[in-house]
Structures are given as C-alpha cells and as structure tokens.
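Participant: I have a structure I would like to understand better, so I am pasting it below and will then ask my questions one at a time.
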Protein chains: 2
Amino acid sequence: MLGFMGEFDLIETYFKRPPRHAVLGVGDDCALLAVKSGQQLAISSDMLVEGRHFLPTVNPAYLGHKALAVNLSDLAACGAQPKAFLLSLALPQVVPQWLSEFSKGMWALADAHHCDLIGGDTTRGPLNICITVLGEVPQAMALLRGGAKAGDDIYVSGHLGDARLALEVFRGTLSVPQAVFEAARLRMDKPTPRVELGLALRGLAHSAVDVSDGLLGDLQHILKASGVGAEIDTQQVLSTMACGQRSGLKPEDLLRLTLAGGDDYELVFTAPENQRQAIASASTSSATPVTRIGKITAHPHLSLLDNNGQSLPHSFESFDHFKTP
Amino acid sequence: MLGFMGEFDLIETYFKRPPRHAVLGVGDDCALLAVKSGQQLAISSDMLVEGRHFLPTVNPAYLGHKALAVNLSDLAACGAQPKAFLLSLALPQVVPQWLSEFSKGMWALADAHHCDLIGGDTTRGPLNICITVLGEVPQAMALLRGGAKAGDDIYVSGHLGDARLALEVFRGTLSVPQAVFEAARLRMDKPTPRVELGLALRGLAHSAVDVSDGLLGDLQHILKASGVGAEIDTQQVLSTMACGQRSGLKPEDLLRLTLAGGDDYELVFTAPENQRQAIASASTSSATPVTRIGKITAHPHLSLLDNNGQSLPHSFESFDHFKTP
C-alpha cells in the first residue's frame, strides 16, 4: 500500500473511532462537543518537529504517546480533566508500519485518559505533529500561573533531568552506563503526563505550571505572573532525578540537568504550608511522587541554595526554541 | 533582532492580545473558554505546509489571512459562530518583517469575525501553520454532511475554479491574460470564508460541506454520508467561475477547474425545493452569491449533465494530499 494510500483511507485506517464523549467525532467539517453546565473548557496546542522535539530514530509508538502526553501535561497543569483531542499530521510519506505503531502508542494513552480523537488534518510535508487537547475544569477551579503567594511551599512532581540526560548522551556530550541510559531514554521518549495529580491539586495548589522547558525557566513563569520570588533547595531538586546517582556524572552536570534540562513534563506548583498533609494525600491518591523543593518569597528574585542554605551563583537558561540552535 | 528574538518575545510581540470572549487567553498552560448554555462547541483543525498549501512567494499577510480563513470555512460549513482559535507555527527562522505581515493578515480576519487568538505554540522547523478554530452552534442545529434528501436542490456559494486557475498558471500548465491571473491569484491567496452564509443556513440547509479539495470530491462526502446521489448541471457550475469567460481557456479546462480544482473554500449545500425563497434571502442577507447547480437523487450515483440535460462522461478526481505528487 506504500504510497498508494489516500488521505481518507489513512484517517479511516488509523485515526477513526466512534467518540465516547463528543457529540460528533472525526468525519465532518467540524467535531461537536457539549460542555457540562458549570464547567469551562481548557484548551492547549503543542507542535512537535522532528530533530527538535524528537530524534528521527525514535520508536513511533513512543512518539505517538509523547505527542499526546506533552499536550495532556498542559491540561494537568491546569487541573483539567481530558475529554478530546485533534491530531494534525504532516508526513513525508505514508508508511503503514510507522502509522500503525504511532497510532497504537497514541491510542493507548488516549484510552488511559478516556480522551476522544475528534478531528484534525493529514497532509504531506516534513514530519510535524500538532495536537490540540480539550479538557473540562469547574468554573474558577483552574490552576493558573498567577496565584503563588509569599510563604507558599514549592513542589515538583516525579523526576527532573533524566530526559535531558538521555538527550545529551545521544548528542555525545555526556556518557553514562548503558542501564542508566536506557532508563533515562524512556523518560525522554515516554513521559507520563501528571493528569491525576493535577486533578487532585484543584482547590489545594495556589499556582501550577508544567515543566517542559526546564524547572527554572518554567518556575519563572509562576514568579513573573504572581509577582513573587523563590528560594530553591538545590539538593531537593537533585534528589528528584531518577538516574542521577547511578550515572557517575559530576554534581554540576546533574544540577544543570535537573534545573534547566527541559522535556520533563512534570508539574511545579505552590501551596500554602498548612496544606502539606493534603498535598501528601494528593500525591498518594494520584500515585505520583511529589518533592518539596523550596519556598515562595515576597522579594521577586529567584535564589538557589546549597545544602547549607548558602546562595549559589546560577546561569542556567531554560530551553528556547528560537534561542537554542 | 533577526535570530535573537526568543519564543516568548515573539509571542508577546505578534500573537498576544487580551481576549474578548475567552475567560483566559494566551499565556498560561491552557486557555479557558466558557460555552453558553444550549450551545455546542464546533472544533476543526487545518495544517498548512509550504509548497503544498501555499507557494514560498506568497505575500505573508495573505498567508496569515488564508491560514485562518480555511479553518473558518470549516466552521461556516457547520453553521457555527467563530469564537476563538489557537495558532501553532513552525518557522525556519525568525524574520520580524514576515511575522509582522503574517500576523496583520491574520488579525484582520480574526477581528472581522470577532474571533480570539487564545493559544498555540511556536517552534523552529520547516514552515508549518496549524490552526484550530472553535465556534458555537445551538444544540442540534449544526449543518452536517449526512442530512441530504432525494429531491433537495444543490447549491454552491461564490466562485469555483479561480483559485486552481491561478495555481496552474504558476505551474505553467495554463496561460491567461495578466488581469485574469491577478484576479484569480487573489482568490487563491485570500479566500473568503462563508461564515455569514453558514449562519444564515441554520435550519434551512439539510446538509453542507466546504469545498477545499474540489466540488465533486467534497460533494461526494455529502452523498456518501447521506446515502444519496446527485445530478449536476455543469453549465451552472461553470457559471460560478469569476475569471472563466475572460480567460480564453478551453471549455474542458474550465470544467475541470470548477469541478475538481480545489482550494475554493466555498460551501456546497442542499436544501428542499420549498426553501428556494429562503435560500435567496440567506444569500442576500449574508451578501454571498449562491448558485443552484443540481438535485439530490435517491439513486446513489453522481451524474454530470450538459446544457441539454445529457450525461457527460467524467473522470475528475479531487485533490488528495497523499495521492497527488
């Protein structure tokens, strides 16, 4: 079939299923979605480009997973319940084996979150994957960037730095044992969107953002939007890295990977001190590790502290698609 | 600034304005949208790739217009009122002049339809524009492909074939006088989404689809979804072409351009005979020309008739992104 499959056959074969929530799914000019009374719609888009967001050698099933995962991560950061998504796909050629694997990876994650594929587009072109996700969040309950308050604890979910470690091994700038690389690579290729944690943080967290460009850069979005500063315990940040201790890497490399690595798809969020027990419960109920990494300060400055509470100099930049070559 | 503008500066400079309808626009992990009671959300995505959907020489202001227009055309085909859109953009490099023009073209059309830019993504990569539009349509009022009934009149809005004429002149396969080319080129570069007509057809049309891949191909979507056939008066179809008579082209070329040209972004729709007066009023109130081009038949076959009512042989294929080189 290679090269002879048309656009509509391709959609029919790999990307069409009856929707479970949506009023109308793939196959008309528009999809139709009903939104429950008292709920608002949370919407986000992410575009993934080969060589920039993923390597040409990536397992297509992982790529299908990741393209949806990075979008679900945005819903998670808002505390929204995923409902539906649209997939637009530019493909250099039609390779059934690739499409089959890609769609399997995507469907597995979509099914895990009961999220309908309701539309999109397919065209020929340099490989590009653009997904738009839609979720529901009760009115005035969305987690936003602008709500952090002085005195808030700062938390991060899961593991930081491992995805970037894998990328740097691919690039040849770092070298680690094979088992460490394999574990880190899975964190890069198959991130876990923290949807359940996001839902559990509704009404608890004052602010939240997802870590896609690196902890410090994404935390700055909270600080800027909230008009506050932060003190970060770098030892606690380092402790979140899954592969760090076994990697044999220098502490300054590990620090850079965790603070400014990017591609983590974890949540960084703030909550008042009197919610520590509730945050621990949210972590348990969502089966998501959570680490307290610092405090929000009134003074609008970001400080990094070592394990003696002394300020560290820092010059970590987060990932920027137009500043990074 | 060339090459030194970061992702967030770029969004701030060209793509951020306070939303008028949305609860929350650009700048957080998700946008937030409230949907009025009794309304459903109509959603569609289209991805535009350089060399496939537009020529590298295109005026960037027209491209900004067109990228949004082709999406609004999908809302129009459903009879939905545009509310908001997300723009994801992969750029080979940051060229302020290009971005300024592109965004101006996009904003002008967005403003004309009171449509908020509420989110999206920007990244470096081969030029790719992916827009997702969201509109509102009252419950059970959306115009769909599956509602055509035997005996329905078939109509098309505006002008068919002119956009493809311009493309073929660019490709060097057809030659026309310069004034004809300029007019046709504007139809290719700056299509008019038939939003007002779509709204006026709510409750009147039995079915509708937008003509993006060519009249016959897109009409087939209605016929297939409705389980019906059609008889098309090719002379009426030819009469819709704005540039046809002055082009000096052969009748068979004109027929091919109008029946299977693509890139028209007109609406083809069906309505019962007893609504002819109402359709004429919808055309007037929306300031959109409408031409009656045939009838829906019970027999599921598409016939093309000449001006004597005789059946014409036809082998016109519509545009397919994976079948067309």
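All residue names refer to the structure tokens as shown: chains lettered A, B, ... in order, residues numbered from 1 in each chain, ligands numbered from 1 in order.
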Mind listing as JSON, numbers by chain which residues of chain A are within 6 Å of chain B, counting only C-alpha atoms?
Facilitator: {"A": [6, 7, 29, 30, 31, 32, 33, 34, 40, 41, 42, 43, 44, 45, 46, 74, 120, 121, 123, 124, 321, 322, 323]}
Participant: Quick one: residues within 10 Å of A:Lys190, only C-alpha atoms, excluding same-chain residues fewer than 5 positions away - as a PyMOL selection string?
Facilitator: chain A and resi 59+61-67+69-70+105+163+184-185
Participant: Go ahead and dump the residues you just picked, C-alpha atoms, as an mmCIF file, in the first residue's frame.
Facilitator:
data_model
loop_
_atom_site.group_PDB
_atom_site.id
_atom_site.type_symbol
_atom_site.label_atom_id
_atom_site.label_comp_id
_atom_site.auth_asym_id
_atom_site.auth_seq_id
_atom_site.Cartn_x
_atom_site.Cartn_y
_atom_site.Cartn_z
ATOM 1 C CA ASN A 59 10.201 4.363 18.240
ATOM 2 C CA ALA A 61 4.800 4.093 19.303
ATOM 3 C CA TYR A 62 6.661 6.254 21.806
ATOM 4 C CA LEU A 63 6.284 9.237 19.520
ATOM 5 C CA GLY A 64 2.501 8.714 19.312
ATOM 6 C CA HIS A 65 2.466 8.536 23.112
ATOM 7 C CA LYS A 66 4.676 11.583 23.578
ATOM 8 C CA ALA A 67 2.829 13.832 21.119
ATOM 9 C CA ALA A 69 1.455 13.258 26.540
ATOM 10 C CA VAL A 70 3.008 16.733 26.200
ATOM 11 C CA GLY A 105 1.089 4.491 21.097
ATOM 12 C CA ALA A 163 15.041 13.183 29.855
ATOM 13 C CA ALA A 184 16.737 7.913 31.067
ATOM 14 C CA ARG A 185 15.782 7.329 27.431
#
Participant: Could you pull out the strand (DSSP E or B) residues of stretch 40-254 of chain A from DSSP and send them as a PyMOL selection string?
Facilitator: chain A and resi 40-50+54+81-91+116-124+128-138+153-157+207-211+229-233
Participant: Which is closer to A:Asp153 than all the others in A:Gln220, A:Ser207, A:Gln97, A:Ser303, using only C-alpha atoms?
Facilitator: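 Comparing A:Gln220, A:Ser207, A:Gln97, A:Ser303 against A:Asp153, the winner is A:Ser207.
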Participant: Mind pulling up the distance from atom CA of A:Gln277 to atom CA of A:Ser311?
Facilitator: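 That distance, rounded to one decimal, is 28.6 Å.
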Participant: Enumerate the residues of stretch 60-297 of chain B with a DSSP assignment of alpha helix (DSSP H), computed from the backbone, and present them as a short mmCIF file (atom, residue, chain, number, x, y, z; two decimals) with N, CA and C atoms, in the first residue's frame.
Facilitator:
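Produced file states_2.cif, reproduced below:
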data_model
loop_
_atom_site.label_atom_id
_atom_site.label_comp_id
_atom_site.auth_asym_id
_atom_site.auth_seq_id
_atom_site.Cartn_x
_atom_site.Cartn_y
_atom_site.Cartn_z
N PRO B 60 3.08 37.33 2.91
CA PRO B 60 2.82 36.77 4.26
C PRO B 60 1.50 37.27 4.87
N ALA B 61 1.06 38.47 4.50
CA ALA B 61 -0.23 38.95 5.03
C ALA B 61 -1.37 38.08 4.49
N TYR B 62 -1.28 37.70 3.22
CA TYR B 62 -2.29 36.80 2.65
C TYR B 62 -2.22 35.43 3.32
N LEU B 63 -1.01 34.99 3.60
CA LEU B 63 -0.86 33.68 4.23
C LEU B 63 -1.48 33.66 5.62
N GLY B 64 -1.27 34.75 6.39
CA GLY B 64 -1.90 34.84 7.70
C GLY B 64 -3.41 34.82 7.59
N HIS B 65 -3.93 35.53 6.57
CA HIS B 65 -5.36 35.50 6.30
C HIS B 65 -5.82 34.09 5.94
N LYS B 66 -5.11 33.47 5.00
CA LYS B 66 -5.57 32.18 4.46
C LYS B 66 -5.54 31.08 5.51
N ALA B 67 -4.49 31.08 6.34
CA ALA B 67 -4.36 30.03 7.36
C ALA B 67 -5.57 30.03 8.29
N LEU B 68 -6.06 31.23 8.62
CA LEU B 68 -7.26 31.31 9.45
C LEU B 68 -8.53 31.08 8.62
N ALA B 69 -8.53 31.60 7.38
CA ALA B 69 -9.72 31.50 6.52
C ALA B 69 -10.13 30.05 6.26
N VAL B 70 -9.16 29.18 5.98
CA VAL B 70 -9.51 27.79 5.66
C VAL B 70 -10.11 27.10 6.88
N ASN B 71 -9.72 27.54 8.06
CA ASN B 71 -10.31 26.99 9.28
C ASN B 71 -11.71 27.55 9.53
N LEU B 72 -11.86 28.86 9.34
CA LEU B 72 -13.19 29.48 9.50
C LEU B 72 -14.18 28.86 8.50
N SER B 73 -13.67 28.47 7.35
CA SER B 73 -14.52 27.84 6.34
C SER B 73 -15.14 26.54 6.87
N ASP B 74 -14.40 25.80 7.69
CA ASP B 74 -14.96 24.59 8.30
C ASP B 74 -16.06 24.93 9.30
N LEU B 75 -15.87 25.99 10.07
CA LEU B 75 -16.94 26.43 10.98
C LEU B 75 -18.17 26.85 10.17
N ALA B 76 -17.92 27.59 9.06
CA ALA B 76 -19.02 28.04 8.21
C ALA B 76 -19.84 26.86 7.71
N ALA B 77 -19.15 25.79 7.31
CA ALA B 77 -19.84 24.62 6.76
C ALA B 77 -20.71 23.94 7.81
N CYS B 78 -20.42 24.18 9.08
CA CYS B 78 -21.25 23.62 10.16
C CYS B 78 -22.28 24.62 10.67
N PRO B 96 11.34 39.25 11.56
CA PRO B 96 10.33 40.17 12.11
C PRO B 96 9.37 40.72 11.04
N GLN B 97 9.90 41.11 9.88
CA GLN B 97 9.06 41.67 8.82
C GLN B 97 7.98 40.66 8.39
N TRP B 98 8.41 39.42 8.21
CA TRP B 98 7.50 38.36 7.80
C TRP B 98 6.44 38.15 8.88
N LEU B 99 6.87 38.05 10.15
CA LEU B 99 5.94 37.82 11.25
C LEU B 99 4.96 38.97 11.41
N SER B 100 5.46 40.18 11.19
CA SER B 100 4.60 41.35 11.31
C SER B 100 3.49 41.31 10.26
N GLU B 101 3.86 41.02 9.02
CA GLU B 101 2.87 40.94 7.93
C GLU B 101 1.91 39.77 8.14
N PHE B 102 2.48 38.62 8.45
CA PHE B 102 1.66 37.42 8.67
C PHE B 102 0.61 37.69 9.76
N SER B 103 1.06 38.25 10.87
CA SER B 103 0.13 38.47 11.99
C SER B 103 -0.91 39.52 11.63
N LYS B 104 -0.51 40.55 10.86
CA LYS B 104 -1.50 41.57 10.45
C LYS B 104 -2.62 40.95 9.63
N GLY B 105 -2.26 40.11 8.66
CA GLY B 105 -3.26 39.44 7.83
C GLY B 105 -4.19 38.57 8.66
N MET B 106 -3.60 37.89 9.62
CA MET B 106 -4.38 37.00 10.49
C MET B 106 -5.31 37.80 11.40
N TRP B 107 -4.77 38.85 12.03
CA TRP B 107 -5.60 39.66 12.95
C TRP B 107 -6.76 40.33 12.23
N ALA B 108 -6.52 40.80 11.00
CA ALA B 108 -7.60 41.50 10.28
C ALA B 108 -8.80 40.57 10.10
N LEU B 109 -8.53 39.33 9.71
CA LEU B 109 -9.64 38.38 9.52
C LEU B 109 -10.23 37.97 10.87
N ALA B 110 -9.37 37.76 11.87
CA ALA B 110 -9.86 37.39 13.21
C ALA B 110 -10.79 38.49 13.75
N ASP B 111 -10.37 39.75 13.59
CA ASP B 111 -11.18 40.86 14.07
C ASP B 111 -12.52 40.94 13.34
N ALA B 112 -12.47 40.71 12.03
CA ALA B 112 -13.71 40.76 11.23
C ALA B 112 -14.73 39.75 11.73
N ASP B 162 -11.40 29.41 -9.76
CA ASP B 162 -10.46 30.52 -9.97
C ASP B 162 -9.14 30.30 -9.23
N ALA B 163 -9.24 29.75 -8.01
CA ALA B 163 -8.02 29.52 -7.22
C ALA B 163 -7.11 28.53 -7.96
N ARG B 164 -7.70 27.47 -8.47
CA ARG B 164 -6.90 26.46 -9.16
C ARG B 164 -6.33 27.00 -10.48
N LEU B 165 -7.11 27.87 -11.12
CA LEU B 165 -6.60 28.52 -12.34
C LEU B 165 -5.29 29.24 -12.03
N ALA B 166 -5.27 29.99 -10.93
CA ALA B 166 -4.05 30.72 -10.57
C ALA B 166 -2.89 29.75 -10.32
N LEU B 167 -3.18 28.68 -9.62
CA LEU B 167 -2.13 27.69 -9.33
C LEU B 167 -1.56 27.10 -10.62
N GLU B 168 -2.44 26.80 -11.57
CA GLU B 168 -1.97 26.20 -12.83
C GLU B 168 -1.16 27.19 -13.67
N VAL B 169 -1.50 28.47 -13.56
CA VAL B 169 -0.68 29.48 -14.24
C VAL B 169 0.72 29.51 -13.59
N PHE B 170 0.76 29.47 -12.25
CA PHE B 170 2.05 29.40 -11.55
C PHE B 170 2.85 28.19 -11.99
N ARG B 171 2.15 27.08 -12.16
CA ARG B 171 2.83 25.83 -12.54
C ARG B 171 3.21 25.81 -14.01
N GLN B 178 -2.89 38.76 -18.07
CA GLN B 178 -2.37 39.16 -16.76
C GLN B 178 -3.48 39.58 -15.79
N ALA B 179 -4.47 40.35 -16.28
CA ALA B 179 -5.55 40.82 -15.39
C ALA B 179 -6.36 39.65 -14.85
N VAL B 180 -6.58 38.65 -15.69
CA VAL B 180 -7.30 37.45 -15.26
C VAL B 180 -6.50 36.73 -14.18
N PHE B 181 -5.19 36.61 -14.43
CA PHE B 181 -4.33 35.95 -13.46
C PHE B 181 -4.34 36.66 -12.10
N GLU B 182 -4.26 38.00 -12.13
CA GLU B 182 -4.23 38.76 -10.87
C GLU B 182 -5.50 38.52 -10.05
N ALA B 183 -6.65 38.52 -10.77
CA ALA B 183 -7.92 38.30 -10.07
C ALA B 183 -7.99 36.88 -9.51
N ALA B 184 -7.55 35.92 -10.32
CA ALA B 184 -7.58 34.51 -9.89
C ALA B 184 -6.63 34.30 -8.72
N ARG B 185 -5.48 34.96 -8.77
CA ARG B 185 -4.48 34.81 -7.73
C ARG B 185 -5.00 35.28 -6.36
N LEU B 186 -5.80 36.33 -6.39
CA LEU B 186 -6.38 36.82 -5.15
C LEU B 186 -7.36 35.78 -4.56
N ARG B 187 -8.05 35.08 -5.45
CA ARG B 187 -8.96 34.02 -4.99
C ARG B 187 -8.16 32.86 -4.36
N MET B 188 -6.98 32.61 -4.88
CA MET B 188 -6.13 31.54 -4.33
C MET B 188 -5.51 31.98 -3.00
N ASP B 189 -5.00 33.22 -2.98
CA ASP B 189 -4.23 33.68 -1.82
C ASP B 189 -5.11 34.15 -0.67
N VAL B 195 -18.71 32.45 6.43
CA VAL B 195 -19.24 32.33 7.79
C VAL B 195 -20.67 32.83 7.89
N GLU B 196 -20.94 34.02 7.34
CA GLU B 196 -22.29 34.62 7.46
C GLU B 196 -23.32 33.75 6.73
N LEU B 197 -22.95 33.22 5.57
CA LEU B 197 -23.87 32.33 4.86
C LEU B 197 -24.15 31.08 5.69
N GLY B 198 -23.10 30.48 6.24
CA GLY B 198 -23.27 29.29 7.08
C GLY B 198 -24.26 29.54 8.21
N LEU B 199 -24.13 30.70 8.85
CA LEU B 199 -25.05 31.05 9.95
C LEU B 199 -26.48 31.21 9.43
N ALA B 200 -26.61 31.84 8.24
CA ALA B 200 -27.94 32.07 7.67
C ALA B 200 -28.59 30.76 7.21
N LEU B 215 -15.08 20.53 -5.97
CA LEU B 215 -16.53 20.36 -5.81
C LEU B 215 -16.96 18.89 -5.80
N LEU B 216 -16.54 18.13 -6.82
CA LEU B 216 -17.05 16.76 -6.91
C LEU B 216 -16.59 15.90 -5.74
N GLY B 217 -15.33 16.05 -5.37
CA GLY B 217 -14.81 15.27 -4.24
C GLY B 217 -15.53 15.61 -2.96
N ASP B 218 -15.74 16.88 -2.70
CA ASP B 218 -16.37 17.27 -1.44
C ASP B 218 -17.88 16.98 -1.46
N LEU B 219 -18.51 17.13 -2.64
CA LEU B 219 -19.93 16.75 -2.75
C LEU B 219 -20.09 15.25 -2.46
N GLN B 220 -19.12 14.46 -2.89
CA GLN B 220 -19.17 13.01 -2.62
C GLN B 220 -19.26 12.72 -1.11
N HIS B 221 -18.65 13.58 -0.29
CA HIS B 221 -18.76 13.37 1.16
C HIS B 221 -20.22 13.46 1.60
N ILE B 222 -20.95 14.44 1.03
CA ILE B 222 -22.38 14.56 1.36
C ILE B 222 -23.14 13.33 0.85
N LEU B 223 -22.87 12.94 -0.41
CA LEU B 223 -23.61 11.82 -1.00
C LEU B 223 -23.37 10.53 -0.21
N LYS B 224 -22.13 10.29 0.15
CA LYS B 224 -21.78 9.07 0.87
C LYS B 224 -22.41 9.08 2.27
N ALA B 225 -22.26 10.21 2.96
CA ALA B 225 -22.78 10.29 4.34
C ALA B 225 -24.31 10.23 4.35
N SER B 226 -24.95 10.70 3.26
CA SER B 226 -26.42 10.76 3.22
C SER B 226 -27.02 9.55 2.50
N THR B 234 -23.63 21.06 -15.25
CA THR B 234 -22.26 21.57 -15.39
C THR B 234 -22.22 23.01 -15.89
N GLN B 235 -23.26 23.43 -16.65
CA GLN B 235 -23.28 24.82 -17.12
C GLN B 235 -23.44 25.78 -15.94
N GLN B 236 -24.25 25.39 -14.99
CA GLN B 236 -24.42 26.22 -13.79
C GLN B 236 -23.12 26.27 -12.98
N VAL B 237 -22.44 25.14 -12.91
CA VAL B 237 -21.16 25.10 -12.18
C VAL B 237 -20.16 26.04 -12.86
N LEU B 238 -20.09 25.93 -14.19
CA LEU B 238 -19.19 26.80 -14.97
C LEU B 238 -19.50 28.27 -14.74
N SER B 239 -20.78 28.58 -14.60
CA SER B 239 -21.18 29.99 -14.47
C SER B 239 -20.68 30.64 -13.18
N GLY B 244 -13.54 32.87 -15.58
CA GLY B 244 -13.59 31.91 -16.68
C GLY B 244 -13.74 32.53 -18.06
N GLN B 245 -14.75 33.42 -18.18
CA GLN B 245 -15.08 33.92 -19.51
C GLN B 245 -13.98 34.78 -20.11
N ARG B 246 -13.21 35.46 -19.28
CA ARG B 246 -12.15 36.32 -19.78
C ARG B 246 -10.82 35.59 -19.94
N SER B 247 -10.82 34.28 -19.60
CA SER B 247 -9.54 33.57 -19.54
C SER B 247 -9.04 33.10 -20.90
N PRO B 251 -13.28 25.12 -22.97
CA PRO B 251 -14.36 24.70 -22.05
C PRO B 251 -13.99 23.50 -21.19
N GLU B 252 -13.27 22.52 -21.73
CA GLU B 252 -12.95 21.34 -20.90
C GLU B 252 -11.98 21.68 -19.76
N ASP B 253 -11.10 22.66 -20.01
CA ASP B 253 -10.21 23.10 -18.92
C ASP B 253 -11.01 23.83 -17.84
N LEU B 254 -11.92 24.69 -18.28
CA LEU B 254 -12.75 25.41 -17.31
C LEU B 254 -13.59 24.44 -16.48
N LEU B 255 -14.11 23.42 -17.15
CA LEU B 255 -14.94 22.43 -16.46
C LEU B 255 -14.12 21.71 -15.39
N ARG B 256 -12.92 21.32 -15.76
CA ARG B 256 -12.04 20.63 -14.81
C ARG B 256 -11.71 21.54 -13.61
N LEU B 257 -11.42 22.81 -13.90
CA LEU B 257 -11.08 23.74 -12.82
C LEU B 257 -12.23 23.92 -11.83
N THR B 258 -13.45 24.03 -12.36
CA THR B 258 -14.59 24.29 -11.47
C THR B 258 -15.05 23.02 -10.75
N LEU B 259 -14.97 21.89 -11.42
CA LEU B 259 -15.49 20.65 -10.82
C LEU B 259 -14.49 20.00 -9.86
N ALA B 260 -13.21 20.17 -10.13
CA ALA B 260 -12.21 19.42 -9.37
C ALA B 260 -10.98 20.25 -9.03
N ARG B 276 -36.50 27.61 -1.59
CA ARG B 276 -35.74 28.43 -2.56
C ARG B 276 -35.76 29.91 -2.22
N GLN B 277 -36.91 30.40 -1.80
CA GLN B 277 -37.01 31.81 -1.44
C GLN B 277 -36.16 32.13 -0.22
N ALA B 278 -36.19 31.22 0.75
CA ALA B 278 -35.41 31.42 1.98
C ALA B 278 -33.91 31.38 1.68
N ILE B 279 -33.51 30.51 0.76
CA ILE B 279 -32.09 30.44 0.38
C ILE B 279 -31.67 31.74 -0.30
N ALA B 280 -32.56 32.25 -1.15
CA ALA B 280 -32.26 33.53 -1.81
C ALA B 280 -32.10 34.64 -0.77
N SER B 281 -32.95 34.62 0.25
CA SER B 281 -32.84 35.63 1.32
C SER B 281 -31.54 35.46 2.11
N ALA B 282 -31.16 34.20 2.36
CA ALA B 282 -29.92 33.94 3.09
C ALA B 282 -28.72 34.46 2.29
N SER B 283 -28.81 34.28 0.98
CA SER B 283 -27.74 34.77 0.10
C SER B 283 -27.65 36.29 0.19
N THR B 284 -28.80 36.94 0.15
CA THR B 284 -28.83 38.40 0.21
C THR B 284 -28.35 38.91 1.57
N SER B 285 -28.90 38.32 2.62
CA SER B 285 -28.57 38.83 3.97
C SER B 285 -27.10 38.61 4.31
#
Participant: Which residues, written as a list in words, have at least one atom at most 7 Å from A:Arg292, with only C-alpha atoms counted and residues fewer than 6 positions away on the same chain left out?
Facilitator: Asp153, Ile154, Tyr155 and Val156 of chain A
Participant: Output the selection as a PDB file, in the first residue's frame - N, CA and C atoms for each residue.
Facilitator:
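Wrote selection16.pdb, looks like this:
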ATOM      1  N   ASP A 153       4.836  26.845  49.885  1.00  0.00           N
ATOM      2  CA  ASP A 153       5.810  25.813  49.544  1.00  0.00           C
ATOM      3  C   ASP A 153       5.828  25.637  48.027  1.00  0.00           C
ATOM      4  N   ILE A 154       7.000  25.261  47.504  1.00  0.00           N
ATOM      5  CA  ILE A 154       7.113  24.932  46.074  1.00  0.00           C
ATOM      6  C   ILE A 154       7.373  23.437  45.954  1.00  0.00           C
ATOM      7  N   TYR A 155       6.611  22.792  45.103  1.00  0.00           N
ATOM      8  CA  TYR A 155       6.735  21.346  44.904  1.00  0.00           C
ATOM      9  C   TYR A 155       7.002  21.037  43.425  1.00  0.00           C
ATOM     10  N   VAL A 156       7.602  19.873  43.221  1.00  0.00           N
ATOM     11  CA  VAL A 156       7.684  19.361  41.854  1.00  0.00           C
ATOM     12  C   VAL A 156       7.281  17.888  41.872  1.00  0.00           C
TER      13      VAL A 156
END
Participant: Might you pull out every residue within 8 Å of A:Ala230, with only C-alpha atoms counted and same-chain residues fewer than 5 positions away left off, and present them as a list in words?
Facilitator: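 Everything that qualifies: Leu223, Gly294, Lys295, Ile296, Thr297, His299, Pro300, His301, Leu302 and Ser303 of chain A.
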Participant: So the first atom is atom CA of A:Gly161 and the second is atom CA of A:Asp213; what is the distance between them in Å, to one decimal place?
Facilitator: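 Spanning atom CA of A:Gly161 to atom CA of A:Asp213 is a straight-line distance of 11.0 Å.
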Participant: I'd like the interatomic distance between atom CA of A:Val290 and atom CA of A:Leu174, to a tenth of an Å.
Facilitator: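 Pair atom CA of A:Val290 / atom CA of A:Leu174 returns 27.4 Å.
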